[in-house]
Amino acid sequence: MQVHKAGRGQGPREARRAGILRTVLLVLLLMLIVVLAYLLLPFGYQRVVLLGSDASADGVSRSDTIVVAKAGGGMLAVPRDTLVEIPGVGEDKINVAFATGGPELTVETLEILTELPIRSYVEVHFDGVQDIVNALDGITLEVEEPIEVGIGGRLVSIPAGTQTLDGFEALAYVRYRGGPTADIGRIGRQQRFLQELAREATSPAKLPRLPATALAVWRNVDTNMNPLQAARFAVQMRLAGSVEAEIYPGTPQYIDGISYWVPDREAGRRVVDRTVR
């Protein structure tokens, strides 16, 4: 009769179980490595255009916020009045590209401006900001200066400092264009909002709000990325931490009575190199 003592070897059944367990663990380890490689390694197209769009009184959507973001890298903000060459249109403001051909033409125009492949975009409809922020149960932002603005017949006052805003206040925050810097200041606010929105939406503390947030995002965000690509980009941006966007350099000028942001191409190439190349 064969006797097995603890720690002295295994019978056929125990050995078979141990072999199966090792195989399962190995498969899980390989899957983890593949997932980490997919999330972290810089292959494929890493640049995404983040667009904040708002419908005007005539119902035409225009891109108020245009930011090129590189996963694990930097962010480049392009003012909406930037004078650019738009394929099939000619020279005009970059938000004309959005009004004419949507996010696809905007991406194509930005590829010419930056001399880089981009292809992907995420468009946030600012009309839906209230919906998304309420689903998150508020969003915390650093408000640099007091804001007073009328939205929908209501006066909204937001003091300076760290503030937790509800959906309606967040909508006022991204639409406000007062102060000495006007549109340039609004670009900065909208950038901070989009960054904080991405950070809070992926925060473990907001996990109980995930179903409601996902539904609100589904209604108010468009992208040409599939869910896996979008999740990958979100994780990479999250791991990169908070990154302050640089503005494509230029100067405000009036041409034929119309206000433009005329880009400085030489300085622009240096900024592109620092941020999204």
# chains A, B, ... in the order shown; residues from 1 in each chain; ligands from 1
call {"tool": "residues_around", "arguments": {"residues": "Asn224 of chain A", "least_positions_apart": "6", "cutoff": "12 Å", "atoms": "only C-alpha atoms", "output": "JSON, numbers by chain"}}
result
{"A": [48, 49, 50, 102, 103, 104, 107, 118, 119, 120, 121, 122, 123, 230]}
call {"tool": "write_last_selection", "arguments": {"atoms": "N, CA, C and O atoms", "output": "compact mmCIF listing (two decimals), in the first residue's frame"}}
result
# COMPACT_ATOMS: atom_id res chain seq x y z
N VAL A 48 -5.63 62.29 -30.37
CA VAL A 48 -7.08 62.42 -30.47
C VAL A 48 -7.45 63.90 -30.40
O VAL A 48 -6.88 64.63 -29.58
N VAL A 49 -8.36 64.34 -31.24
CA VAL A 49 -8.86 65.70 -31.17
C VAL A 49 -10.06 65.73 -30.22
O VAL A 49 -11.03 65.00 -30.41
N LEU A 50 -9.96 66.54 -29.18
CA LEU A 50 -11.07 66.74 -28.25
C LEU A 50 -11.82 67.99 -28.66
O LEU A 50 -11.23 69.08 -28.74
N GLY A 102 -18.02 69.04 -40.06
CA GLY A 102 -18.05 68.30 -38.81
C GLY A 102 -16.67 67.95 -38.29
O GLY A 102 -15.65 68.49 -38.72
N PRO A 103 -16.61 67.02 -37.33
CA PRO A 103 -15.32 66.66 -36.71
C PRO A 103 -14.34 66.06 -37.70
O PRO A 103 -13.12 66.23 -37.55
N GLU A 104 -14.83 65.36 -38.73
CA GLU A 104 -13.92 64.74 -39.69
C GLU A 104 -13.09 65.79 -40.43
O GLU A 104 -11.87 65.64 -40.58
N VAL A 107 -10.55 67.40 -38.06
CA VAL A 107 -9.36 66.56 -37.87
C VAL A 107 -8.43 66.69 -39.07
O VAL A 107 -7.21 66.84 -38.92
N ILE A 118 -3.56 62.21 -37.13
CA ILE A 118 -4.40 62.27 -35.93
C ILE A 118 -5.54 61.26 -36.04
O ILE A 118 -5.65 60.32 -35.28
N ARG A 119 -6.44 61.47 -36.98
CA ARG A 119 -7.54 60.57 -37.35
C ARG A 119 -8.70 60.50 -36.34
O ARG A 119 -9.85 60.48 -36.73
N SER A 120 -8.41 60.40 -35.04
CA SER A 120 -9.49 60.15 -34.07
C SER A 120 -9.99 61.44 -33.44
O SER A 120 -9.26 62.43 -33.33
N TYR A 121 -11.26 61.42 -33.00
CA TYR A 121 -11.82 62.57 -32.32
C TYR A 121 -12.82 62.13 -31.27
O TYR A 121 -13.39 61.03 -31.32
N VAL A 122 -13.01 63.00 -30.28
CA VAL A 122 -14.07 62.87 -29.28
C VAL A 122 -14.76 64.22 -29.22
O VAL A 122 -14.12 65.24 -28.96
N GLU A 123 -16.06 64.23 -29.48
CA GLU A 123 -16.83 65.49 -29.47
C GLU A 123 -17.79 65.49 -28.29
O GLU A 123 -18.62 64.59 -28.14
N ALA A 230 -11.40 53.86 -27.20
CA ALA A 230 -11.73 54.99 -26.32
C ALA A 230 -11.30 54.71 -24.89
O ALA A 230 -10.76 55.59 -24.20
call {"tool": "residues_around", "arguments": {"residues": "Gly88 of chain A", "least_positions_apart": "4", "cutoff": "12 Å", "atoms": "only C-alpha atoms", "output": "JSON list (two decimals) with N, CA, C and O atoms, in the first residue's frame"}}
result
[["chain", "number", "residue", "atom", "x", "y", "z"],
["A", 92, "ASP", "N", -9.78, 80.04, -43.77],
["A", 92, "ASP", "CA", -10.88, 80.53, -42.94],
["A", 92, "ASP", "C", -10.59, 80.13, -41.49],
["A", 92, "ASP", "O", -9.59, 79.47, -41.20],
["A", 96, "VAL", "N", -14.92, 77.04, -38.81],
["A", 96, "VAL", "CA", -15.68, 76.89, -40.05],
["A", 96, "VAL", "C", -15.56, 75.45, -40.57],
["A", 96, "VAL", "O", -16.49, 74.92, -41.17],
["A", 97, "ALA", "N", -14.41, 74.84, -40.32],
["A", 97, "ALA", "CA", -14.22, 73.44, -40.73],
["A", 97, "ALA", "C", -15.26, 72.56, -40.03],
["A", 97, "ALA", "O", -15.85, 71.66, -40.65],
["A", 100, "THR", "N", -18.73, 73.27, -41.42],
["A", 100, "THR", "CA", -18.89, 72.82, -42.81],
["A", 100, "THR", "C", -18.87, 71.30, -42.93],
["A", 100, "THR", "O", -19.71, 70.70, -43.61],
["A", 101, "GLY", "N", -17.89, 70.67, -42.28],
["A", 101, "GLY", "CA", -17.70, 69.23, -42.47],
["A", 101, "GLY", "C", -17.62, 68.43, -41.19],
["A", 101, "GLY", "O", -17.18, 67.27, -41.22],
["A", 105, "LEU", "N", -13.75, 66.85, -40.91],
["A", 105, "LEU", "CA", -13.02, 67.91, -41.61],
["A", 105, "LEU", "C", -12.14, 68.69, -40.64],
["A", 105, "LEU", "O", -11.05, 69.15, -41.02],
["A", 106, "THR", "N", -12.57, 68.83, -39.40],
["A", 106, "THR", "CA", -11.73, 69.49, -38.39],
["A", 106, "THR", "C", -10.45, 68.71, -38.17],
["A", 106, "THR", "O", -9.35, 69.30, -38.10],
["A", 108, "GLU", "N", -8.99, 66.64, -40.28],
["A", 108, "GLU", "CA", -8.18, 66.77, -41.49],
["A", 108, "GLU", "C", -7.45, 68.11, -41.53],
["A", 108, "GLU", "O", -6.27, 68.19, -41.91],
["A", 109, "THR", "N", -8.14, 69.17, -41.12],
["A", 109, "THR", "CA", -7.54, 70.50, -41.08],
["A", 109, "THR", "C", -6.41, 70.57, -40.06],
["A", 109, "THR", "O", -5.35, 71.17, -40.31]]
call {"tool": "closest_residue", "arguments": {"among": "A:Val262, A:Leu194, A:Ile247, A:Ile158", "to": "Leu51 of chain A", "atoms": "only C-alpha atoms"}}
result
A:Leu194
call {"tool": "residues_around", "arguments": {"residues": "Glu169 of chain A", "least_positions_apart": "3", "cutoff": "8 Å", "atoms": "only C-alpha atoms", "output": "PyMOL selection string"}}
result
chain A and resi 130+156+158+165-166+172-173
call {"tool": "write_last_selection", "arguments": {"atoms": "all heavy atoms", "output": "compact mmCIF listing (two decimals), in the first residue's frame"}}
result
# COMPACT_ATOMS: atom_id res chain seq x y z
N GLN A 130 -24.76 69.80 -18.60
CA GLN A 130 -25.59 69.74 -17.40
C GLN A 130 -25.99 68.30 -17.09
O GLN A 130 -25.93 67.85 -15.94
CB GLN A 130 -26.84 70.61 -17.61
CG GLN A 130 -27.71 70.75 -16.37
CD GLN A 130 -28.82 71.79 -16.57
OE1 GLN A 130 -28.80 72.54 -17.54
NE2 GLN A 130 -29.76 71.84 -15.66
N VAL A 156 -26.13 83.22 -12.92
CA VAL A 156 -25.29 82.26 -12.20
C VAL A 156 -24.06 82.99 -11.67
O VAL A 156 -23.35 83.65 -12.44
CB VAL A 156 -24.86 81.09 -13.10
CG1 VAL A 156 -24.02 80.09 -12.33
CG2 VAL A 156 -26.08 80.41 -13.70
N ILE A 158 -20.49 82.33 -9.60
CA ILE A 158 -19.54 81.32 -9.13
C ILE A 158 -18.33 82.05 -8.55
O ILE A 158 -17.62 82.76 -9.28
CB ILE A 158 -19.09 80.39 -10.25
CG1 ILE A 158 -20.31 79.73 -10.93
CG2 ILE A 158 -18.15 79.31 -9.72
CD1 ILE A 158 -19.96 78.93 -12.17
N LEU A 165 -19.29 72.21 -8.65
CA LEU A 165 -20.36 72.77 -9.45
C LEU A 165 -21.39 71.70 -9.80
O LEU A 165 -21.03 70.56 -10.10
CB LEU A 165 -19.80 73.36 -10.75
CG LEU A 165 -18.61 74.33 -10.62
CD1 LEU A 165 -18.20 74.82 -12.00
CD2 LEU A 165 -18.95 75.50 -9.72
N ASP A 166 -22.66 72.09 -9.79
CA ASP A 166 -23.69 71.19 -10.31
C ASP A 166 -23.75 71.37 -11.83
O ASP A 166 -22.99 72.14 -12.42
CB ASP A 166 -25.04 71.44 -9.63
CG ASP A 166 -25.61 72.84 -9.89
OD1 ASP A 166 -25.20 73.49 -10.89
OD2 ASP A 166 -26.46 73.29 -9.11
N ALA A 172 -22.65 77.05 -17.16
CA ALA A 172 -22.31 78.47 -17.12
C ALA A 172 -20.78 78.65 -17.18
O ALA A 172 -20.28 79.56 -17.86
CB ALA A 172 -22.87 79.11 -15.85
N TYR A 173 -20.06 77.78 -16.50
CA TYR A 173 -18.60 77.85 -16.46
C TYR A 173 -18.00 77.70 -17.86
O TYR A 173 -17.11 78.47 -18.25
CB TYR A 173 -18.07 76.78 -15.52
CG TYR A 173 -16.57 76.70 -15.42
CD1 TYR A 173 -15.85 77.53 -14.56
CD2 TYR A 173 -15.85 75.78 -16.18
CE1 TYR A 173 -14.46 77.45 -14.47
CE2 TYR A 173 -14.47 75.69 -16.10
CZ TYR A 173 -13.79 76.53 -15.24
OH TYR A 173 -12.42 76.45 -15.15
call {"tool": "atom_distance", "arguments": {"atom1": "atom CA of Asp131 of chain A", "atom2": "atom CA of Ala77 of chain A"}}
result
24.9 Å
call {"tool": "closest_residue", "arguments": {"among": "A:Asp137, A:Leu25, A:Arg13, A:Pro79", "to": "Ala201 of chain A", "atoms": "only C-alpha atoms"}}
result
A:Asp137
